[in-house]
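Shown below: model31.tsv, with TSV, C-alpha atoms.
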chain	number	residue	atom	x	y	z
U	154	MET	CA	75.08	144.56	137.82
U	155	ARG	CA	72.71	143.64	134.96
U	156	HIS	CA	73.96	141.16	132.36
U	157	GLU	CA	72.81	141.80	128.83
U	158	GLN	CA	71.68	138.81	126.80
U	159	PRO	CA	73.50	138.57	123.47
U	160	SER	CA	71.30	139.67	120.61
U	161	CYS	CA	70.21	137.03	118.10
U	162	PRO	CA	69.85	137.56	114.38
U	163	PRO	CA	66.29	138.06	113.18
U	164	LYS	CA	64.56	134.86	112.18
U	165	SER	CA	61.75	134.17	109.79
U	166	ASP	CA	58.53	132.45	110.74
U	167	ALA	CA	59.83	129.17	109.34
U	168	GLY	CA	62.81	129.21	111.70
U	169	GLY	CA	65.39	130.44	109.18
U	170	VAL	CA	67.44	133.60	109.33
U	171	THR	CA	65.56	136.40	107.57
U	172	ALA	CA	68.66	138.18	106.29
U	173	VAL	CA	69.92	134.98	104.65
U	174	THR	CA	66.54	134.32	103.04
U	175	ARG	CA	66.46	137.86	101.65
U	176	ALA	CA	70.00	137.61	100.33
U	177	LEU	CA	69.11	134.41	98.51
U	178	GLN	CA	66.07	136.14	97.03
U	179	LEU	CA	68.42	138.62	95.39
U	180	LEU	CA	70.55	135.87	93.87
U	181	GLU	CA	67.44	134.07	92.63
U	182	ALA	CA	66.08	137.25	91.06
U	183	PHE	CA	68.37	136.78	88.05
U	184	ALA	CA	66.75	134.75	85.28
U	185	LEU	CA	68.70	132.61	82.85
U	186	GLY	CA	70.36	134.80	80.24
U	187	GLU	CA	70.13	138.01	82.28
U	188	SER	CA	73.52	139.61	82.75
U	189	ARG	CA	72.44	142.53	84.93
U	190	LEU	CA	69.54	144.03	86.88
U	191	SER	CA	68.90	147.53	88.19
U	192	LEU	CA	68.41	148.20	91.89
U	193	ALA	CA	64.76	149.03	91.22
U	194	GLU	CA	64.19	145.74	89.38
U	195	LEU	CA	65.94	143.75	92.11
U	196	SER	CA	63.71	145.47	94.64
U	197	ARG	CA	60.58	144.65	92.64
U	198	ARG	CA	61.45	141.00	92.08
U	199	ALA	CA	62.56	140.35	95.66
U	200	GLY	CA	59.67	142.33	97.13
U	201	LEU	CA	62.05	144.32	99.32
U	202	HIS	CA	62.67	148.03	99.86
U	203	LYS	CA	65.48	149.54	97.81
U	204	THR	CA	67.53	150.42	100.89
U	205	THR	CA	67.31	146.82	102.10
U	206	VAL	CA	68.28	145.51	98.66
U	207	LEU	CA	71.24	147.87	98.47
U	208	ARG	CA	72.50	146.81	101.89
U	209	LEU	CA	72.18	143.12	101.04
U	210	ALA	CA	73.76	143.54	97.61
U	211	ARG	CA	76.76	145.35	99.07
U	212	THR	CA	77.17	142.60	101.67
U	213	LEU	CA	77.02	139.91	98.98
U	214	ALA	CA	79.52	141.90	96.92
U	215	GLN	CA	82.03	141.73	99.77
U	216	SER	CA	82.16	137.94	99.28
U	217	GLY	CA	82.05	138.09	95.49
U	218	TYR	CA	78.49	136.83	95.03
U	219	MET	CA	77.35	140.07	93.40
U	220	VAL	CA	79.17	142.85	91.53
U	221	GLN	CA	78.03	146.41	90.93
U	222	ARG	CA	78.67	147.71	87.44
U	223	GLU	CA	79.89	151.21	86.64
U	224	ASP	CA	76.39	152.21	85.52
U	225	GLY	CA	74.95	151.18	88.92
U	226	ASP	CA	73.32	147.93	87.81
U	227	TRP	CA	74.12	144.67	89.55
U	228	ARG	CA	75.22	141.29	88.22
U	229	LEU	CA	76.09	137.94	89.74
U	230	GLY	CA	79.69	137.67	90.89
U	231	PRO	CA	82.34	134.98	90.37
U	232	ALA	CA	81.60	133.36	93.73
U	233	ALA	CA	78.11	132.48	92.48
U	234	GLY	CA	79.69	130.68	89.53
U	235	TRP	CA	82.08	128.78	91.76
U	236	LEU	CA	79.15	127.73	93.94
U	237	GLY	CA	77.40	126.25	90.91
U	238	ALA	CA	80.60	124.55	89.80
U	239	ARG	CA	81.05	122.95	93.22
U	240	TYR	CA	77.43	121.78	93.13
U	241	GLN	CA	77.96	120.09	89.78
U	242	ALA	CA	81.26	118.63	90.95
U	243	GLY	CA	79.36	116.80	93.68
U	244	PHE	CA	77.86	114.66	90.93
U	245	ASP	CA	81.22	114.17	89.16
U	246	VAL	CA	79.98	115.92	86.03
U	247	GLN	CA	83.22	116.01	84.07
U	248	ASN	CA	84.39	112.45	84.65
U	249	VAL	CA	81.13	110.52	84.86
U	250	LEU	CA	77.93	112.27	83.79
U	251	GLU	CA	78.96	113.99	80.58
U	252	PRO	CA	80.74	110.95	79.07
U	253	ALA	CA	77.80	108.70	79.99
U	254	LEU	CA	75.27	111.06	78.43
U	255	ARG	CA	77.41	111.46	75.34
U	256	GLU	CA	77.52	107.69	74.97
U	257	LEU	CA	73.73	107.50	75.40
U	258	THR	CA	73.27	110.19	72.75
U	259	GLN	CA	75.42	108.24	70.32
U	260	ALA	CA	73.53	105.02	71.03
U	261	SER	CA	70.06	106.55	70.72
U	262	GLY	CA	70.57	109.39	68.26
U	263	GLU	CA	68.65	111.70	70.61
U	264	SER	CA	69.51	114.33	73.23
U	265	ALA	CA	70.29	112.98	76.70
U	266	ALA	CA	69.98	114.63	80.11
U	267	PHE	CA	70.42	113.93	83.82
U	268	TYR	CA	67.81	115.31	86.24
U	269	VAL	CA	68.01	115.66	90.01
U	270	ARG	CA	65.38	116.46	92.60
U	271	GLU	CA	65.59	119.81	94.36
U	272	GLY	CA	62.74	120.01	96.86
U	273	ASN	CA	59.47	119.82	94.98
U	274	VAL	CA	60.94	120.32	91.50
U	275	ARG	CA	63.44	118.64	89.20
U	276	THR	CA	66.31	120.39	87.48
U	277	CYS	CA	68.48	119.44	84.55
U	278	LEU	CA	72.02	119.12	85.86
U	279	VAL	CA	73.75	118.05	82.65
U	280	ARG	CA	72.57	117.79	79.05
U	281	VAL	CA	74.17	116.58	75.83
U	282	GLU	CA	72.48	117.59	72.58
U	283	GLY	CA	71.71	114.96	69.98
U	284	PRO	CA	72.92	114.98	66.37
U	285	GLN	CA	69.48	115.61	64.86
U	286	ALA	CA	68.72	119.05	63.43
U	287	LEU	CA	65.24	118.96	65.00
U	288	ARG	CA	65.53	118.36	68.72
U	289	HIS	CA	64.09	119.30	72.08
U	290	HIS	CA	65.94	121.98	74.05
U	291	ALA	CA	65.89	121.99	77.86
U	292	ARG	CA	67.40	124.75	79.97
U	293	MET	CA	69.87	123.56	82.58
U	294	GLY	CA	69.01	124.62	86.12
U	295	GLU	CA	65.37	125.45	85.40
U	296	GLY	CA	62.92	124.10	87.99
U	297	LEU	CA	60.38	121.75	86.37
U	298	PRO	CA	57.42	119.86	87.88
U	299	LEU	CA	58.07	116.36	89.18
U	300	ASP	CA	54.65	115.02	88.20
U	301	LYS	CA	54.84	115.97	84.52
U	302	GLY	CA	57.25	114.24	82.16
U	303	SER	CA	59.04	110.93	82.50
U	304	PRO	CA	62.21	112.23	84.25
U	305	GLY	CA	60.19	113.59	87.17
U	306	ARG	CA	57.80	110.65	87.29
U	307	VAL	CA	60.75	108.28	87.59
U	308	ILE	CA	62.23	110.34	90.43
U	309	LEU	CA	58.89	110.29	92.27
U	310	ALA	CA	58.43	106.56	91.72
U	311	PHE	CA	61.83	105.62	93.10
U	312	SER	CA	61.39	108.06	95.98
U	313	GLY	CA	58.46	105.92	97.12
U	314	GLU	CA	55.53	107.95	95.76
U	315	PRO	CA	52.29	105.94	96.17
U	316	GLY	CA	49.90	105.30	93.32
U	317	ALA	CA	49.29	102.84	90.51
U	318	ILE	CA	51.34	104.73	87.92
U	319	TYR	CA	54.36	104.88	90.23
U	320	GLU	CA	54.08	101.21	91.16
U	321	GLN	CA	54.04	100.39	87.46
U	322	ILE	CA	57.18	102.49	86.92
U	323	ARG	CA	58.92	100.68	89.77
U	324	GLN	CA	57.97	97.32	88.28
U	325	LYS	CA	59.21	98.21	84.78
U	326	GLY	CA	62.26	100.21	85.84
U	327	TYR	CA	61.57	102.99	83.33
U	328	HIS	CA	58.86	105.34	82.08
U	329	TRP	CA	58.08	107.20	78.88
U	330	SER	CA	55.75	110.09	78.16
U	331	ILE	CA	54.58	112.07	75.16
U	332	GLY	CA	53.47	115.69	75.47
U	333	GLU	CA	52.89	115.43	79.22
U	334	ARG	CA	54.81	118.55	80.21
U	335	GLU	CA	55.51	120.14	76.84
U	336	GLN	CA	53.41	119.58	73.75
U	337	GLY	CA	55.17	117.69	70.98
U	338	VAL	CA	58.02	116.44	73.20
U	339	ALA	CA	58.63	112.77	73.99
U	340	THR	CA	60.95	111.34	76.65
U	341	VAL	CA	61.93	108.01	78.16
U	342	SER	CA	63.72	107.86	81.52
U	343	ALA	CA	65.25	105.47	84.04
U	344	PRO	CA	66.52	105.93	87.63
U	345	VAL	CA	70.14	106.40	88.63
U	346	PHE	CA	71.37	105.25	92.04
U	347	GLY	CA	74.49	105.87	94.09
U	348	MET	CA	75.98	103.93	96.97
U	349	HIS	CA	73.59	101.84	99.07
U	350	TRP	CA	70.85	102.30	96.43
U	351	ARG	CA	70.43	105.97	97.25
U	352	LEU	CA	68.46	107.62	94.44
U	353	MET	CA	70.61	110.20	92.66
U	354	GLY	CA	68.24	111.24	89.88
U	355	SER	CA	67.03	110.11	86.48
U	356	VAL	CA	68.59	109.90	83.05
U	357	CYS	CA	66.49	110.46	79.96
U	358	ILE	CA	66.53	110.89	76.22
U	359	SER	CA	64.18	113.37	74.58
U	360	GLY	CA	63.12	114.51	71.16
U	361	PRO	CA	60.12	115.54	69.08
U	362	ALA	CA	57.11	113.26	69.37
U	363	SER	CA	56.96	113.02	65.58
U	364	ARG	CA	60.25	111.10	65.69
U	365	LEU	CA	59.63	109.29	68.98
U	366	PRO	CA	56.21	107.61	68.94
U	367	ALA	CA	55.28	105.12	71.66
U	368	GLU	CA	56.77	102.10	69.88
U	369	ARG	CA	60.09	103.90	69.36
U	370	LEU	CA	60.21	104.94	73.02
U	371	GLU	CA	59.59	101.35	74.09
U	372	ALA	CA	62.39	100.20	71.79
U	373	LEU	CA	64.77	102.76	73.29
U	374	ALA	CA	63.85	101.96	76.90
U	375	GLN	CA	66.48	99.23	77.25
U	376	THR	CA	69.15	101.60	75.90
U	377	VAL	CA	68.23	104.13	78.59
U	378	ILE	CA	68.14	101.46	81.31
U	379	THR	CA	71.59	100.27	80.27
U	380	ALA	CA	72.95	103.81	80.47
U	381	ALA	CA	71.26	104.39	83.85
U	382	ASN	CA	72.70	101.18	85.31
U	383	ARG	CA	76.20	101.95	84.05
U	384	LEU	CA	75.90	105.45	85.47
U	385	SER	CA	74.74	104.04	88.80
U	386	TYR	CA	77.80	101.79	88.98
U	387	ALA	CA	80.08	104.73	88.19
U	388	LEU	CA	78.50	107.10	90.73
U	389	ALA	CA	78.57	104.38	93.38
U	390	GLY	CA	82.33	104.13	92.88
U	391	ASN	CA	82.35	100.65	91.36
U	392	ALA	CA	85.36	100.26	89.11
U	393	ALA	CA	83.76	97.62	86.92
U	394	ALA	CA	80.61	98.60	85.07
U	395	PRO	CA	78.12	95.80	84.36
U	396	SER	CA	78.29	94.08	81.02
U	397	PRO	CA	75.26	94.36	78.74
U	398	SER	CA	74.17	90.86	79.75
U	399	GLN	CA	74.14	91.89	83.42
U	400	VAL	CA	72.07	95.01	82.87
U	401	ARG	CA	68.37	94.55	83.58
U	402	PRO	CA	65.36	96.71	84.47
U	403	THR	CA	65.47	97.85	88.08
U	404	GLN	CA	63.04	96.06	90.41
U	405	TRP	CA	62.65	98.37	93.38
U	406	HIS	CA	60.04	98.84	96.07
U	407	PRO	CA	59.82	101.51	98.78

Serialized structure, structure tokens:
Amino acid sequence: MRHEQPSCPPKSDAGGVTAVTRALQLLEAFALGESRLSLAELSRRAGLHKTTVLRLARTLAQSGYMVQREDGDWRLGPAAGWLGARYQAGFDVQNVLEPALRELTQASGESAAFYVREGNVRTCLVRVEGPQALRHHARMGEGLPLDKGSPGRVILAFSGEPGAIYEQIRQKGYHWSIGEREQGVATVSAPVFGMHWRLMGSVCISGPASRLPAERLEALAQTVITAANRLSYALAGNAAAPSPSQVRPTQWHP
């Protein structure tokens, strides 16, 4: 009697499951602000045949990650929103991040944001707009380069990236940049740590370079460091945040 070996799901060359990778391609096909996409457009963006896209979309719809509209187009489902909410909850957005950024905005008069590393890019997890009429707008969730702009540079530095610029950032405990990623935009950032000095991300303030020249960014650096240290204490679960006299630039070496 011949025993059949159980069949295994198809795998991609990188060792992942192909069907899962393709399903994620469909979810990632939606750009910010897009409420729906046609089957043909999903097929084009994912680089998959329409029949494959339809099968995957229907499977995702069974779990609420996609919904088919009456006109045949597809949109993201409520489960996708809950997934994002659970991701943000992992950083204690409501109780820790938003209040800290709001306090930083009030202290600096500029917009404040918290960035995290996702693979080879950084994304804005939370942002609080400043009171100024003219301000820099960043889209939450958008993947941005790590090596352009102070938020990414700080993340690289405190992840152990070699190089003179990153060693300098580690020595100072902060970094500022003007027009490095986006012309006319200035930022100053500092690292945020969790328990056991695990790097969580970077906090920054940003605004137009016309209002934030180099000397102003240097003057605001201590304000950002103070906010980053207080945020680190909160995310690490320490009940008592450091007093202003205890806050100092982070001296860290990989």

From the list U:Ala343, U:Ile358, U:Val281, U:Leu297, the nearest residue to Ala310 in chain U using only C-alpha atoms is U:Ala343

Suppose you want the space between CA of Glu256 in chain U and CA of Gly354 in chain U; what is it in Å?
17.9 Å

Residues at most 9 Å from range 363-367 of chain U, counting only C-alpha atoms, excluding those fewer than 3 positions away in the same chain, as JSON, numbers by chain?
{"U": [329, 330, 331, 337, 338, 339, 340, 359, 360, 370, 371, 372]}

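Restricting the calculation to all atoms listed in the file, the smallest distance between Arg198 in chain U and any of U:Lys325, U:Arg175, U:Arg280, U:Arg369 is found for U:Arg175.
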
Nearest to Gly272 in chain U: which of U:Thr379, U:Leu299, U:Glu314, U:Pro231 is it, counting all atoms listed in the file?
U:Leu299

Rounded to one decimal in Å, what is the spacing between CA of Tyr319 in chain U and CA of Gly305 in chain U?
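CA of Gly305 in chain U lies 10.9 Å from CA of Tyr319 in chain U.
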